[in-house]
Amino acid sequence: MLIVPSSSSETLASKISELLRSGLSEVERKRFPDGEMYVRVLAEMEGKEVAVIGNTRNDADLIELLLLLNACREAGAGKLIAVIPYFGYARQHMIYRDGEPVSSKVMTKCIEEFSDEIISVEIHNEETLHFASKPFRNISVIDTMSRHFLGQKIDYVLAPDDGAFDRARKMAEILGTRAHYIDKKRIDSKSVEMHLPNLEYDGKSVLLVDDIISTGGTIIRAVNLLRDRGVSRISVNAVHGVFARESDKTIASLVDDLAVSDTIDGPNSTVSVAENISRSLRS
Ligand code: R5P
């Protein structure tokens with residue numbers, strides 16, 4: 001197998017190629033004077049199984065991923081797998097207001113047009129998988145994320161909303177503790193109300209878990225509520241650390257441990273999902 005990294009996933013791609021003992025292609029990248037992107041995959045690909053690893057966190061990521069996939073296809077790659085560690089645009093998997101697109105469907109359709117199979121990691125909503133007409137697997141990394149916290153004293157695993165409760169429950173099971181969720185109600189597009197579950201908080205150690213930290217608003221709100229109730233130790237975990245507006249710095253200054261995965265590489269990406277992706281590629 002040959003691994004082709006996009007610029008959004010270079011470190012992760014190189015870890016995956018080491019684990020798989022496969023080739024890792026170099027990629028030439030530049031911008032044309034008008035700003036358009038240029039990529040060139042430098043490895044020999046004729047007949048090889050190729051995995052292109054790249055996020056769709058922003059528009060440029062998507063364009064790069066599609067260009068890389070097409071470059072591999074044109075160069076004669078055999079089976080072509082698109083591995084999307086962080087599948088962006090997945091939160092709009094349905095129409096909430098008239099006139100909106102189904103963004104995750106658009107992404108899926110574009111990516112499958114240029115590949116034979118798609119693999120994502122903890123996609124925001126698995127409904128997106130149904131938009132594909134080719135094989136589309138989504139990997140759970142809950143076991144890997146939990147391992148980081150083994151050995152820490154955790155009294156409760158807390159989800160910041162009911163949508164993340166299943167994740168909290170599974171992690172609590174691995175960590176041998178209990179899971180609960182915060183009652184989060186959206187008031188309008190800008191404001192939400194959050195109410196902690198009825199528990200003993202004073203002096204406790206809490207692990208907050210979510211699938212994604214985007215602006216950090218949800219987690220910061222939850223952390224402040226917990227501190228107000230006397231929680232002494234707070235750990236925060238999410239698979240994908242988008243950290244818009246440098247919210248990683250704010251969160252890190254408020255909590256005792258902030259650990260996200262390397263689906264998006266950053267200073268707090270202390271948990272690697274390379275083994276999970278490698279296992280999936282091996283199968
Ligand atoms: C919501 O459904 C998600 O699971 C996250 O809770 C949310 O996307 C986090 O967003 P933010 O960090 O902007 O509050």
# chains A, B, ... in the order shown; residues from 1 in each chain; ligands from 1
>>> residues_around(residues="segment 149-160 of chain A", least_positions_apart="3", cutoff="7 Å", atoms="only C-alpha atoms", output="PyMOL selection string")
chain A and resi 146+164-165+168+172+175+177-182+204-210+218-219+222
>>> closest_atom_pairs(of="chain A", to="ligand 1", cutoff="6 Å", atoms="only C-alpha atoms and all ligand atoms", output="CSV")
residue,atom,partner,partner_atom_place_in_ligand_line,distance
A:Asp210,CA,ligand 1,4 (O),5.7
A:Asp211,CA,ligand 1,4 (O),5.3
A:Ile212,CA,ligand 1,5 (C),5.2
A:Ile213,CA,ligand 1,12 (O),3.9
A:Ser214,CA,ligand 1,12 (O),3.5
A:Thr215,CA,ligand 1,13 (O),3.6
A:Gly216,CA,ligand 1,12 (O),3.4
A:Gly217,CA,ligand 1,14 (O),3.9
A:Thr218,CA,ligand 1,14 (O),3.7
>>> write_last_selection(atoms="N, CA and C atoms", output="short mmCIF file (atom, residue, chain, number, x, y, z; two decimals), in the first residue's frame")
data_model
loop_
_atom_site.label_atom_id
_atom_site.label_comp_id
_atom_site.auth_asym_id
_atom_site.auth_seq_id
_atom_site.Cartn_x
_atom_site.Cartn_y
_atom_site.Cartn_z
N ASP A 210 -16.56 15.05 24.43
CA ASP A 210 -17.40 15.42 23.28
C ASP A 210 -16.74 14.86 22.02
N ASP A 211 -17.45 14.88 20.90
CA ASP A 211 -16.80 14.40 19.67
C ASP A 211 -15.91 15.49 19.08
N ILE A 212 -16.32 16.74 19.22
CA ILE A 212 -15.59 17.84 18.56
C ILE A 212 -15.61 19.10 19.43
N ILE A 213 -14.49 19.78 19.47
CA ILE A 213 -14.48 21.12 20.07
C ILE A 213 -14.25 22.06 18.90
N SER A 214 -15.22 22.90 18.66
CA SER A 214 -15.13 23.78 17.49
C SER A 214 -14.71 25.18 17.94
N THR A 215 -15.65 25.98 18.41
CA THR A 215 -15.28 27.29 18.96
C THR A 215 -14.88 27.17 20.43
N GLY A 216 -15.21 26.04 21.03
CA GLY A 216 -14.91 25.84 22.45
C GLY A 216 -16.02 26.34 23.36
N GLY A 217 -17.03 26.99 22.78
CA GLY A 217 -18.11 27.59 23.59
C GLY A 217 -18.78 26.58 24.52
N THR A 218 -19.11 25.41 23.99
CA THR A 218 -19.82 24.39 24.79
C THR A 218 -18.98 23.95 25.98
#
>>> residues_around(residues="Lys105 of chain A", least_positions_apart="6", cutoff="12 Å", atoms="only C-alpha atoms", output="PyMOL selection string")
chain A and resi 87-95+111-112+125-133
>>> closest_residue(among="A:Val242, A:Leu68, A:Val50, A:Leu12", to="Arg29 of chain A", atoms="only C-alpha atoms")
A:Leu68
>>> residues_around(residues="Ala13 of chain A", least_positions_apart="6", cutoff="12 Å", atoms="only C-alpha atoms", output="mmCIF file with all heavy atoms, in the first residue's frame")
data_model
loop_
_atom_site.group_PDB
_atom_site.id
_atom_site.type_symbol
_atom_site.label_atom_id
_atom_site.label_comp_id
_atom_site.auth_asym_id
_atom_site.auth_seq_id
_atom_site.Cartn_x
_atom_site.Cartn_y
_atom_site.Cartn_z
ATOM 1 N N LEU A 2 0.392 2.266 -0.654
ATOM 2 C CA LEU A 2 1.104 3.547 -0.659
ATOM 3 C C LEU A 2 0.233 4.585 0.062
ATOM 4 O O LEU A 2 -0.977 4.653 -0.165
ATOM 5 C CB LEU A 2 1.357 3.997 -2.100
ATOM 6 C CG LEU A 2 2.022 5.365 -2.259
ATOM 7 C CD1 LEU A 2 3.511 5.297 -1.904
ATOM 8 C CD2 LEU A 2 1.851 5.898 -3.681
ATOM 9 N N ILE A 3 0.866 5.376 0.942
ATOM 10 C CA ILE A 3 0.141 6.428 1.647
ATOM 11 C C ILE A 3 0.489 7.769 1.000
ATOM 12 O O ILE A 3 1.664 8.094 0.798
ATOM 13 C CB ILE A 3 0.554 6.467 3.141
ATOM 14 C CG1 ILE A 3 0.292 5.119 3.822
ATOM 15 C CG2 ILE A 3 -0.147 7.606 3.881
ATOM 16 C CD1 ILE A 3 -1.158 4.723 3.967
ATOM 17 N N VAL A 4 -0.561 8.525 0.697
ATOM 18 C CA VAL A 4 -0.353 9.864 0.122
ATOM 19 C C VAL A 4 -0.939 10.884 1.103
ATOM 20 O O VAL A 4 -2.145 10.855 1.389
ATOM 21 C CB VAL A 4 -1.040 9.979 -1.260
ATOM 22 C CG1 VAL A 4 -0.927 11.398 -1.806
ATOM 23 C CG2 VAL A 4 -0.432 8.983 -2.239
ATOM 24 N N PRO A 5 -0.102 11.759 1.667
ATOM 25 C CA PRO A 5 -0.615 12.705 2.673
ATOM 26 C C PRO A 5 -1.095 14.020 2.066
ATOM 27 O O PRO A 5 -0.466 14.553 1.148
ATOM 28 C CB PRO A 5 0.624 12.973 3.532
ATOM 29 C CG PRO A 5 1.769 12.830 2.575
ATOM 30 C CD PRO A 5 1.358 11.890 1.473
ATOM 31 N N SER A 6 -2.176 14.544 2.582
ATOM 32 C CA SER A 6 -2.516 15.924 2.212
ATOM 33 C C SER A 6 -1.825 16.809 3.249
ATOM 34 O O SER A 6 -1.373 16.325 4.293
ATOM 35 C CB SER A 6 -4.032 16.149 2.242
ATOM 36 O OG SER A 6 -4.440 16.472 3.542
ATOM 37 N N SER A 7 -1.757 18.103 2.989
ATOM 38 C CA SER A 7 -1.019 18.963 3.918
ATOM 39 C C SER A 7 -1.705 19.038 5.285
ATOM 40 O O SER A 7 -1.078 19.341 6.282
ATOM 41 C CB SER A 7 -0.803 20.360 3.329
ATOM 42 O OG SER A 7 -2.017 20.878 2.892
ATOM 43 N N LEU A 19 3.398 2.397 10.716
ATOM 44 C CA LEU A 19 2.702 1.237 11.297
ATOM 45 C C LEU A 19 2.414 0.176 10.237
ATOM 46 O O LEU A 19 2.489 -1.016 10.497
ATOM 47 C CB LEU A 19 1.389 1.688 11.944
ATOM 48 C CG LEU A 19 1.531 2.459 13.263
ATOM 49 C CD1 LEU A 19 0.210 3.111 13.659
ATOM 50 C CD2 LEU A 19 1.968 1.497 14.376
ATOM 51 N N LEU A 20 2.094 0.633 9.018
ATOM 52 C CA LEU A 20 1.768 -0.319 7.948
ATOM 53 C C LEU A 20 3.019 -0.785 7.187
ATOM 54 O O LEU A 20 2.930 -1.646 6.330
ATOM 55 C CB LEU A 20 0.799 0.331 6.938
ATOM 56 C CG LEU A 20 -0.614 0.622 7.427
ATOM 57 C CD1 LEU A 20 -1.391 1.402 6.370
ATOM 58 C CD2 LEU A 20 -1.338 -0.683 7.755
ATOM 59 N N ARG A 21 4.151 -0.154 7.529
ATOM 60 C CA ARG A 21 5.406 -0.405 6.781
ATOM 61 C C ARG A 21 5.178 -0.259 5.285
ATOM 62 O O ARG A 21 5.580 -1.093 4.472
ATOM 63 C CB ARG A 21 5.935 -1.818 7.072
ATOM 64 C CG ARG A 21 6.361 -1.996 8.503
ATOM 65 C CD ARG A 21 6.657 -3.457 8.753
ATOM 66 N NE ARG A 21 6.486 -3.762 10.153
ATOM 67 C CZ ARG A 21 7.464 -3.890 11.036
ATOM 68 N NH1 ARG A 21 8.669 -3.759 10.663
ATOM 69 N NH2 ARG A 21 7.234 -4.160 12.283
ATOM 70 N N SER A 22 4.462 0.811 4.946
ATOM 71 C CA SER A 22 4.155 1.040 3.528
ATOM 72 C C SER A 22 4.907 2.275 3.054
ATOM 73 O O SER A 22 5.474 3.012 3.857
ATOM 74 C CB SER A 22 2.656 1.266 3.371
ATOM 75 O OG SER A 22 2.316 2.441 4.057
ATOM 76 N N GLY A 23 4.869 2.508 1.767
ATOM 77 C CA GLY A 23 5.518 3.699 1.221
ATOM 78 C C GLY A 23 4.737 4.949 1.595
ATOM 79 O O GLY A 23 3.528 4.897 1.824
ATOM 80 N N LEU A 24 5.447 6.059 1.684
ATOM 81 C CA LEU A 24 4.813 7.360 1.945
ATOM 82 C C LEU A 24 5.256 8.282 0.817
ATOM 83 O O LEU A 24 6.452 8.564 0.675
ATOM 84 C CB LEU A 24 5.284 7.898 3.300
ATOM 85 C CG LEU A 24 4.794 9.281 3.714
ATOM 86 C CD1 LEU A 24 3.281 9.275 3.966
ATOM 87 C CD2 LEU A 24 5.502 9.746 4.990
ATOM 88 N N SER A 25 4.308 8.723 0.034
ATOM 89 C CA SER A 25 4.685 9.539 -1.129
ATOM 90 C C SER A 25 5.038 10.971 -0.736
ATOM 91 O O SER A 25 4.457 11.531 0.194
ATOM 92 C CB SER A 25 3.523 9.579 -2.123
ATOM 93 O OG SER A 25 3.877 10.396 -3.220
ATOM 94 N N GLU A 26 5.976 11.519 -1.454
ATOM 95 C CA GLU A 26 6.172 12.969 -1.339
ATOM 96 C C GLU A 26 5.164 13.641 -2.250
ATOM 97 O O GLU A 26 4.763 13.075 -3.282
ATOM 98 C CB GLU A 26 7.582 13.326 -1.792
ATOM 99 C CG GLU A 26 8.606 13.063 -0.710
ATOM 100 C CD GLU A 26 9.976 13.528 -1.138
ATOM 101 O OE1 GLU A 26 10.084 14.646 -1.673
ATOM 102 O OE2 GLU A 26 10.899 12.738 -0.946
ATOM 103 N N ALA A 51 -3.834 4.912 -0.323
ATOM 104 C CA ALA A 51 -4.715 5.606 0.643
ATOM 105 C C ALA A 51 -4.288 7.062 0.705
ATOM 106 O O ALA A 51 -3.146 7.371 1.045
ATOM 107 C CB ALA A 51 -4.608 4.964 2.017
ATOM 108 N N VAL A 52 -5.194 7.937 0.345
ATOM 109 C CA VAL A 52 -4.928 9.376 0.456
ATOM 110 C C VAL A 52 -5.515 9.831 1.789
ATOM 111 O O VAL A 52 -6.694 9.603 2.070
ATOM 112 C CB VAL A 52 -5.573 10.163 -0.709
ATOM 113 C CG1 VAL A 52 -5.329 11.663 -0.537
ATOM 114 C CG2 VAL A 52 -5.025 9.687 -2.047
ATOM 115 N N ILE A 53 -4.666 10.427 2.643
ATOM 116 C CA ILE A 53 -5.117 10.816 3.986
ATOM 117 C C ILE A 53 -5.292 12.334 4.011
ATOM 118 O O ILE A 53 -4.312 13.069 3.809
ATOM 119 C CB ILE A 53 -4.057 10.446 5.069
ATOM 120 C CG1 ILE A 53 -3.388 9.104 4.784
ATOM 121 C CG2 ILE A 53 -4.641 10.566 6.475
ATOM 122 C CD1 ILE A 53 -4.055 7.901 5.291
ATOM 123 N N GLY A 54 -6.500 12.813 4.256
ATOM 124 C CA GLY A 54 -6.689 14.263 4.282
ATOM 125 C C GLY A 54 -8.011 14.673 4.895
ATOM 126 O O GLY A 54 -9.036 14.013 4.699
ATOM 127 N N ASN A 55 -7.984 15.755 5.654
ATOM 128 C CA ASN A 55 -9.193 16.281 6.283
ATOM 129 C C ASN A 55 -10.025 17.109 5.310
ATOM 130 O O ASN A 55 -9.541 17.506 4.243
ATOM 131 C CB ASN A 55 -8.807 17.173 7.467
ATOM 132 C CG ASN A 55 -8.236 16.355 8.610
ATOM 133 O OD1 ASN A 55 -8.546 15.173 8.733
ATOM 134 N ND2 ASN A 55 -7.401 16.966 9.438
ATOM 135 N N VAL A 83 -9.083 8.497 3.073
ATOM 136 C CA VAL A 83 -9.163 8.429 4.541
ATOM 137 C C VAL A 83 -9.320 9.852 5.065
ATOM 138 O O VAL A 83 -8.454 10.705 4.841
ATOM 139 C CB VAL A 83 -7.892 7.782 5.147
ATOM 140 C CG1 VAL A 83 -7.991 7.748 6.670
ATOM 141 C CG2 VAL A 83 -7.693 6.379 4.592
ATOM 142 N N ILE A 84 -10.455 10.115 5.720
ATOM 143 C CA ILE A 84 -10.750 11.474 6.175
ATOM 144 C C ILE A 84 -10.731 11.482 7.704
ATOM 145 O O ILE A 84 -11.757 11.199 8.347
ATOM 146 C CB ILE A 84 -12.154 11.941 5.707
ATOM 147 C CG1 ILE A 84 -12.539 11.355 4.350
ATOM 148 C CG2 ILE A 84 -12.267 13.442 5.743
ATOM 149 C CD1 ILE A 84 -11.858 11.950 3.166
ATOM 150 N N PRO A 85 -9.585 11.785 8.329
ATOM 151 C CA PRO A 85 -9.524 11.746 9.795
ATOM 152 C C PRO A 85 -10.550 12.702 10.426
ATOM 153 O O PRO A 85 -11.261 12.326 11.348
ATOM 154 C CB PRO A 85 -8.083 12.172 10.104
ATOM 155 C CG PRO A 85 -7.319 11.849 8.853
ATOM 156 C CD PRO A 85 -8.283 12.095 7.737
ATOM 157 N N ASP A 262 -5.087 13.244 17.142
ATOM 158 C CA ASP A 262 -4.310 13.866 16.061
ATOM 159 C C ASP A 262 -5.029 13.820 14.718
ATOM 160 O O ASP A 262 -4.396 13.910 13.674
ATOM 161 C CB ASP A 262 -2.920 13.230 15.969
ATOM 162 C CG ASP A 262 -2.980 11.710 15.802
ATOM 163 O OD1 ASP A 262 -4.092 11.146 15.821
ATOM 164 O OD2 ASP A 262 -1.906 11.097 15.648
ATOM 165 N N THR A 263 -6.387 13.691 14.739
ATOM 166 C CA THR A 263 -7.105 13.834 13.459
ATOM 167 C C THR A 263 -6.864 15.243 12.926
ATOM 168 O O THR A 263 -6.790 15.470 11.737
ATOM 169 C CB THR A 263 -8.625 13.596 13.625
ATOM 170 O OG1 THR A 263 -9.131 14.495 14.622
ATOM 171 C CG2 THR A 263 -8.933 12.166 14.019
ATOM 172 N N ILE A 264 -6.751 16.185 13.871
ATOM 173 C CA ILE A 264 -6.317 17.541 13.531
ATOM 174 C C ILE A 264 -5.088 17.772 14.400
ATOM 175 O O ILE A 264 -5.173 17.672 15.628
ATOM 176 C CB ILE A 264 -7.401 18.591 13.846
ATOM 177 C CG1 ILE A 264 -8.663 18.307 13.027
ATOM 178 C CG2 ILE A 264 -6.884 20.006 13.591
ATOM 179 C CD1 ILE A 264 -9.868 19.157 13.402
ATOM 180 N N ASP A 265 -3.958 18.040 13.772
ATOM 181 C CA ASP A 265 -2.716 18.116 14.523
ATOM 182 C C ASP A 265 -2.592 19.457 15.258
ATOM 183 O O ASP A 265 -2.841 20.514 14.684
ATOM 184 C CB ASP A 265 -1.541 17.938 13.542
ATOM 185 C CG ASP A 265 -0.319 17.417 14.265
ATOM 186 O OD1 ASP A 265 -0.472 16.841 15.358
ATOM 187 O OD2 ASP A 265 0.795 17.606 13.745
ATOM 188 N N SER A 272 -3.051 9.484 19.643
ATOM 189 C CA SER A 272 -2.968 9.228 18.203
ATOM 190 C C SER A 272 -3.975 8.171 17.761
ATOM 191 O O SER A 272 -4.147 7.141 18.422
ATOM 192 C CB SER A 272 -1.564 8.769 17.815
ATOM 193 O OG SER A 272 -1.537 8.571 16.408
ATOM 194 N N VAL A 273 -4.617 8.440 16.629
ATOM 195 C CA VAL A 273 -5.559 7.463 16.068
ATOM 196 C C VAL A 273 -4.914 6.698 14.912
ATOM 197 O O VAL A 273 -5.595 6.001 14.167
ATOM 198 C CB VAL A 273 -6.879 8.148 15.598
ATOM 199 C CG1 VAL A 273 -7.594 8.779 16.781
ATOM 200 C CG2 VAL A 273 -6.620 9.189 14.511
ATOM 201 N N ALA A 274 -3.590 6.823 14.780
ATOM 202 C CA ALA A 274 -2.878 6.165 13.663
ATOM 203 C C ALA A 274 -3.094 4.655 13.686
ATOM 204 O O ALA A 274 -3.312 4.034 12.636
ATOM 205 C CB ALA A 274 -1.386 6.486 13.742
ATOM 206 N N GLU A 275 -3.058 4.072 14.888
ATOM 207 C CA GLU A 275 -3.227 2.608 14.998
ATOM 208 C C GLU A 275 -4.641 2.214 14.547
ATOM 209 O O GLU A 275 -4.812 1.233 13.825
ATOM 210 C CB GLU A 275 -2.968 2.189 16.456
ATOM 211 C CG GLU A 275 -3.090 0.705 16.717
ATOM 212 C CD GLU A 275 -2.140 -0.160 15.888
ATOM 213 O OE1 GLU A 275 -0.927 0.033 15.999
ATOM 214 O OE2 GLU A 275 -2.625 -1.047 15.147
ATOM 215 N N ILE A 277 -6.599 3.766 12.420
ATOM 216 C CA ILE A 277 -6.725 3.890 10.956
ATOM 217 C C ILE A 277 -5.934 2.769 10.269
ATOM 218 O O ILE A 277 -6.412 2.157 9.303
ATOM 219 C CB ILE A 277 -6.243 5.287 10.486
ATOM 220 C CG1 ILE A 277 -7.182 6.371 11.021
ATOM 221 C CG2 ILE A 277 -6.161 5.345 8.967
ATOM 222 C CD1 ILE A 277 -6.790 7.798 10.685
ATOM 223 N N SER A 278 -4.754 2.466 10.788
ATOM 224 C CA SER A 278 -3.924 1.420 10.173
ATOM 225 C C SER A 278 -4.659 0.083 10.209
ATOM 226 O O SER A 278 -4.668 -0.665 9.228
ATOM 227 C CB SER A 278 -2.594 1.261 10.916
ATOM 228 O OG SER A 278 -1.932 2.492 10.951
#
>>> atom_distance(atom1="atom CA of Ile142 of chain A", atom2="atom CA of Asp162 of chain A")
16.8 Å
>>> residues_around(residues="Glu46 of chain A", least_positions_apart="5", cutoff="12 Å", atoms="only C-alpha atoms", output="list of chain:residue names")
A:Met1, A:Leu2, A:Ala71, A:Cys72, A:Arg73, A:Glu74, A:Ala75, A:Gly76, A:Ala77, A:Gly78, A:Lys79, A:Leu80
>>> write_last_selection(atoms="N, CA, C and O atoms", output="mmCIF file, in the first residue's frame")
data_model
loop_
_atom_site.group_PDB
_atom_site.id
_atom_site.type_symbol
_atom_site.label_atom_id
_atom_site.label_comp_id
_atom_site.auth_asym_id
_atom_site.auth_seq_id
_atom_site.Cartn_x
_atom_site.Cartn_y
_atom_site.Cartn_z
ATOM 1 N N MET A 1 0.841 -1.209 0.000
ATOM 2 C CA MET A 1 0.000 0.000 0.000
ATOM 3 C C MET A 1 0.870 1.251 0.000
ATOM 4 O O MET A 1 1.950 1.262 0.599
ATOM 5 N N LEU A 2 0.392 2.266 -0.654
ATOM 6 C CA LEU A 2 1.104 3.547 -0.659
ATOM 7 C C LEU A 2 0.233 4.585 0.062
ATOM 8 O O LEU A 2 -0.977 4.653 -0.165
ATOM 9 N N ALA A 71 -5.140 12.841 -8.919
ATOM 10 C CA ALA A 71 -3.753 12.635 -9.369
ATOM 11 C C ALA A 71 -3.391 11.155 -9.278
ATOM 12 O O ALA A 71 -2.754 10.598 -10.183
ATOM 13 N N CYS A 72 -3.811 10.514 -8.207
ATOM 14 C CA CYS A 72 -3.507 9.083 -8.021
ATOM 15 C C CYS A 72 -4.226 8.241 -9.061
ATOM 16 O O CYS A 72 -3.665 7.316 -9.637
ATOM 17 N N ARG A 73 -5.473 8.567 -9.293
ATOM 18 C CA ARG A 73 -6.253 7.823 -10.292
ATOM 19 C C ARG A 73 -5.611 7.963 -11.678
ATOM 20 O O ARG A 73 -5.412 6.982 -12.390
ATOM 21 N N GLU A 74 -5.278 9.204 -12.042
ATOM 22 C CA GLU A 74 -4.691 9.447 -13.377
ATOM 23 C C GLU A 74 -3.354 8.728 -13.524
ATOM 24 O O GLU A 74 -2.961 8.349 -14.611
ATOM 25 N N ALA A 75 -2.649 8.539 -12.381
ATOM 26 C CA ALA A 75 -1.331 7.891 -12.440
ATOM 27 C C ALA A 75 -1.447 6.369 -12.377
ATOM 28 O O ALA A 75 -0.448 5.675 -12.246
ATOM 29 N N GLY A 76 -2.683 5.849 -12.422
ATOM 30 C CA GLY A 76 -2.870 4.404 -12.532
ATOM 31 C C GLY A 76 -2.987 3.659 -11.223
ATOM 32 O O GLY A 76 -2.789 2.434 -11.188
ATOM 33 N N ALA A 77 -3.310 4.371 -10.118
ATOM 34 C CA ALA A 77 -3.489 3.670 -8.836
ATOM 35 C C ALA A 77 -4.527 2.573 -8.996
ATOM 36 O O ALA A 77 -5.478 2.702 -9.781
ATOM 37 N N GLY A 78 -4.347 1.488 -8.210
ATOM 38 C CA GLY A 78 -5.354 0.418 -8.189
ATOM 39 C C GLY A 78 -6.500 0.881 -7.321
ATOM 40 O O GLY A 78 -7.109 1.912 -7.600
ATOM 41 N N LYS A 79 -6.751 0.148 -6.221
ATOM 42 C CA LYS A 79 -7.825 0.583 -5.320
ATOM 43 C C LYS A 79 -7.420 1.894 -4.639
ATOM 44 O O LYS A 79 -6.299 2.026 -4.154
ATOM 45 N N LEU A 80 -8.350 2.830 -4.613
ATOM 46 C CA LEU A 80 -8.047 4.164 -4.099
ATOM 47 C C LEU A 80 -8.961 4.457 -2.895
ATOM 48 O O LEU A 80 -10.184 4.507 -3.026
#
>>> select_by_dssp(residues="segment 5-171 of chain A", states="strand (DSSP E or B)", output="number ranges by chain")
A: 5, 23-24, 27-31, 37-41, 50-53, 80-84, 117-121, 136-139, 156-159
>>> write_last_selection(atoms="N, CA and C atoms", output="tab-separated table (two decimals), in the first residue's frame")
chain	number	residue	atom	x	y	z
A	5	PRO	N	-0.10	11.76	1.67
A	5	PRO	CA	-0.61	12.70	2.67
A	5	PRO	C	-1.09	14.02	2.07
A	23	GLY	N	4.87	2.51	1.77
A	23	GLY	CA	5.52	3.70	1.22
A	23	GLY	C	4.74	4.95	1.59
A	24	LEU	N	5.45	6.06	1.68
A	24	LEU	CA	4.81	7.36	1.94
A	24	LEU	C	5.26	8.28	0.82
A	27	VAL	N	4.77	14.84	-1.87
A	27	VAL	CA	3.81	15.59	-2.69
A	27	VAL	C	4.36	16.98	-2.93
A	28	GLU	N	4.36	17.37	-4.19
A	28	GLU	CA	4.79	18.75	-4.50
A	28	GLU	C	3.54	19.63	-4.47
A	29	ARG	N	3.64	20.76	-3.79
A	29	ARG	CA	2.49	21.65	-3.70
A	29	ARG	C	2.92	23.07	-3.97
A	30	LYS	N	2.09	23.79	-4.70
A	30	LYS	CA	2.34	25.23	-4.82
A	30	LYS	C	1.04	25.93	-5.18
A	31	ARG	N	1.09	27.22	-5.23
A	31	ARG	CA	-0.07	28.00	-5.66
A	31	ARG	C	0.26	28.66	-6.99
A	37	MET	N	-4.67	26.11	-6.46
A	37	MET	CA	-3.77	25.12	-5.87
A	37	MET	C	-3.21	24.18	-6.94
A	38	TYR	N	-1.95	23.80	-6.76
A	38	TYR	CA	-1.31	22.81	-7.65
A	38	TYR	C	-0.73	21.72	-6.77
A	39	VAL	N	-1.00	20.43	-7.11
A	39	VAL	CA	-0.35	19.34	-6.39
A	39	VAL	C	0.20	18.34	-7.40
A	40	ARG	N	1.25	17.64	-6.99
A	40	ARG	CA	1.80	16.57	-7.84
A	40	ARG	C	2.31	15.47	-6.91
A	41	VAL	N	1.76	14.26	-7.10
A	41	VAL	CA	2.16	13.12	-6.27
A	41	VAL	C	3.39	12.51	-6.90
A	50	VAL	N	-3.77	2.54	-2.96
A	50	VAL	CA	-3.32	3.85	-2.45
A	50	VAL	C	-4.34	4.41	-1.46
A	51	ALA	N	-3.83	4.91	-0.32
A	51	ALA	CA	-4.71	5.61	0.64
A	51	ALA	C	-4.29	7.06	0.70
A	52	VAL	N	-5.19	7.94	0.34
A	52	VAL	CA	-4.93	9.38	0.46
A	52	VAL	C	-5.52	9.83	1.79
A	53	ILE	N	-4.67	10.43	2.64
A	53	ILE	CA	-5.12	10.82	3.99
A	53	ILE	C	-5.29	12.33	4.01
A	80	LEU	N	-8.35	2.83	-4.61
A	80	LEU	CA	-8.05	4.16	-4.10
A	80	LEU	C	-8.96	4.46	-2.89
A	81	ILE	N	-8.33	4.60	-1.72
A	81	ILE	CA	-9.11	4.81	-0.49
A	81	ILE	C	-8.92	6.25	0.01
A	82	ALA	N	-10.02	6.93	0.23
A	82	ALA	CA	-9.95	8.29	0.81
A	82	ALA	C	-10.12	8.16	2.31
A	83	VAL	N	-9.08	8.50	3.07
A	83	VAL	CA	-9.16	8.43	4.54
A	83	VAL	C	-9.32	9.85	5.06
A	84	ILE	N	-10.45	10.11	5.72
A	84	ILE	CA	-10.75	11.47	6.18
A	84	ILE	C	-10.73	11.48	7.70
A	117	GLU	N	-13.38	3.91	-2.04
A	117	GLU	CA	-13.85	3.64	-0.68
A	117	GLU	C	-13.52	4.84	0.19
A	118	ILE	N	-14.36	5.08	1.21
A	118	ILE	CA	-14.09	6.20	2.13
A	118	ILE	C	-14.00	5.64	3.55
A	119	ILE	N	-13.01	6.15	4.30
A	119	ILE	CA	-12.92	5.82	5.73
A	119	ILE	C	-12.90	7.14	6.50
A	120	SER	N	-13.77	7.29	7.48
A	120	SER	CA	-13.73	8.49	8.32
A	120	SER	C	-13.50	8.07	9.76
A	121	VAL	N	-13.16	9.04	10.60
A	121	VAL	CA	-12.94	8.77	12.03
A	121	VAL	C	-13.99	9.55	12.82
A	136	PHE	N	-18.28	2.98	2.69
A	136	PHE	CA	-17.94	4.13	3.53
A	136	PHE	C	-17.97	3.62	4.97
A	137	ARG	N	-16.77	3.54	5.59
A	137	ARG	CA	-16.67	3.05	6.98
A	137	ARG	C	-16.32	4.20	7.90
A	138	ASN	N	-16.90	4.18	9.08
A	138	ASN	CA	-16.56	5.18	10.09
A	138	ASN	C	-15.95	4.47	11.29
A	139	ILE	N	-14.76	4.92	11.70
A	139	ILE	CA	-14.05	4.23	12.77
A	139	ILE	C	-14.35	4.88	14.12
A	156	TYR	N	-16.71	11.22	37.62
A	156	TYR	CA	-17.79	11.15	36.63
A	156	TYR	C	-17.23	11.46	35.25
A	157	VAL	N	-17.80	10.78	34.24
A	157	VAL	CA	-17.58	11.21	32.86
A	157	VAL	C	-18.84	11.97	32.48
A	158	LEU	N	-18.67	13.18	32.00
A	158	LEU	CA	-19.83	14.04	31.75
A	158	LEU	C	-19.86	14.48	30.28
A	159	ALA	N	-21.01	14.28	29.65
A	159	ALA	CA	-21.19	14.76	28.27
A	159	ALA	C	-21.80	16.15	28.34
>>> residues_around(residues="segment 253-258 of chain A", least_positions_apart="2", cutoff="8 Å", atoms="only C-alpha atoms", output="ChimeraX atom specification")
/A:223,233-237,249-251,260,268
>>> atom_distance(atom1="atom CA of Arg229 of chain A", atom2="atom CA of Tyr201 of chain A")
5.9 Å
>>> select_by_dssp(residues="segment 20-261 of chain A", states="helix (DSSP H, G or I)", output="ChimeraX atom specification")
/A:20,59-74,103-113,126-131,142-147,162-175,217-228,244-254
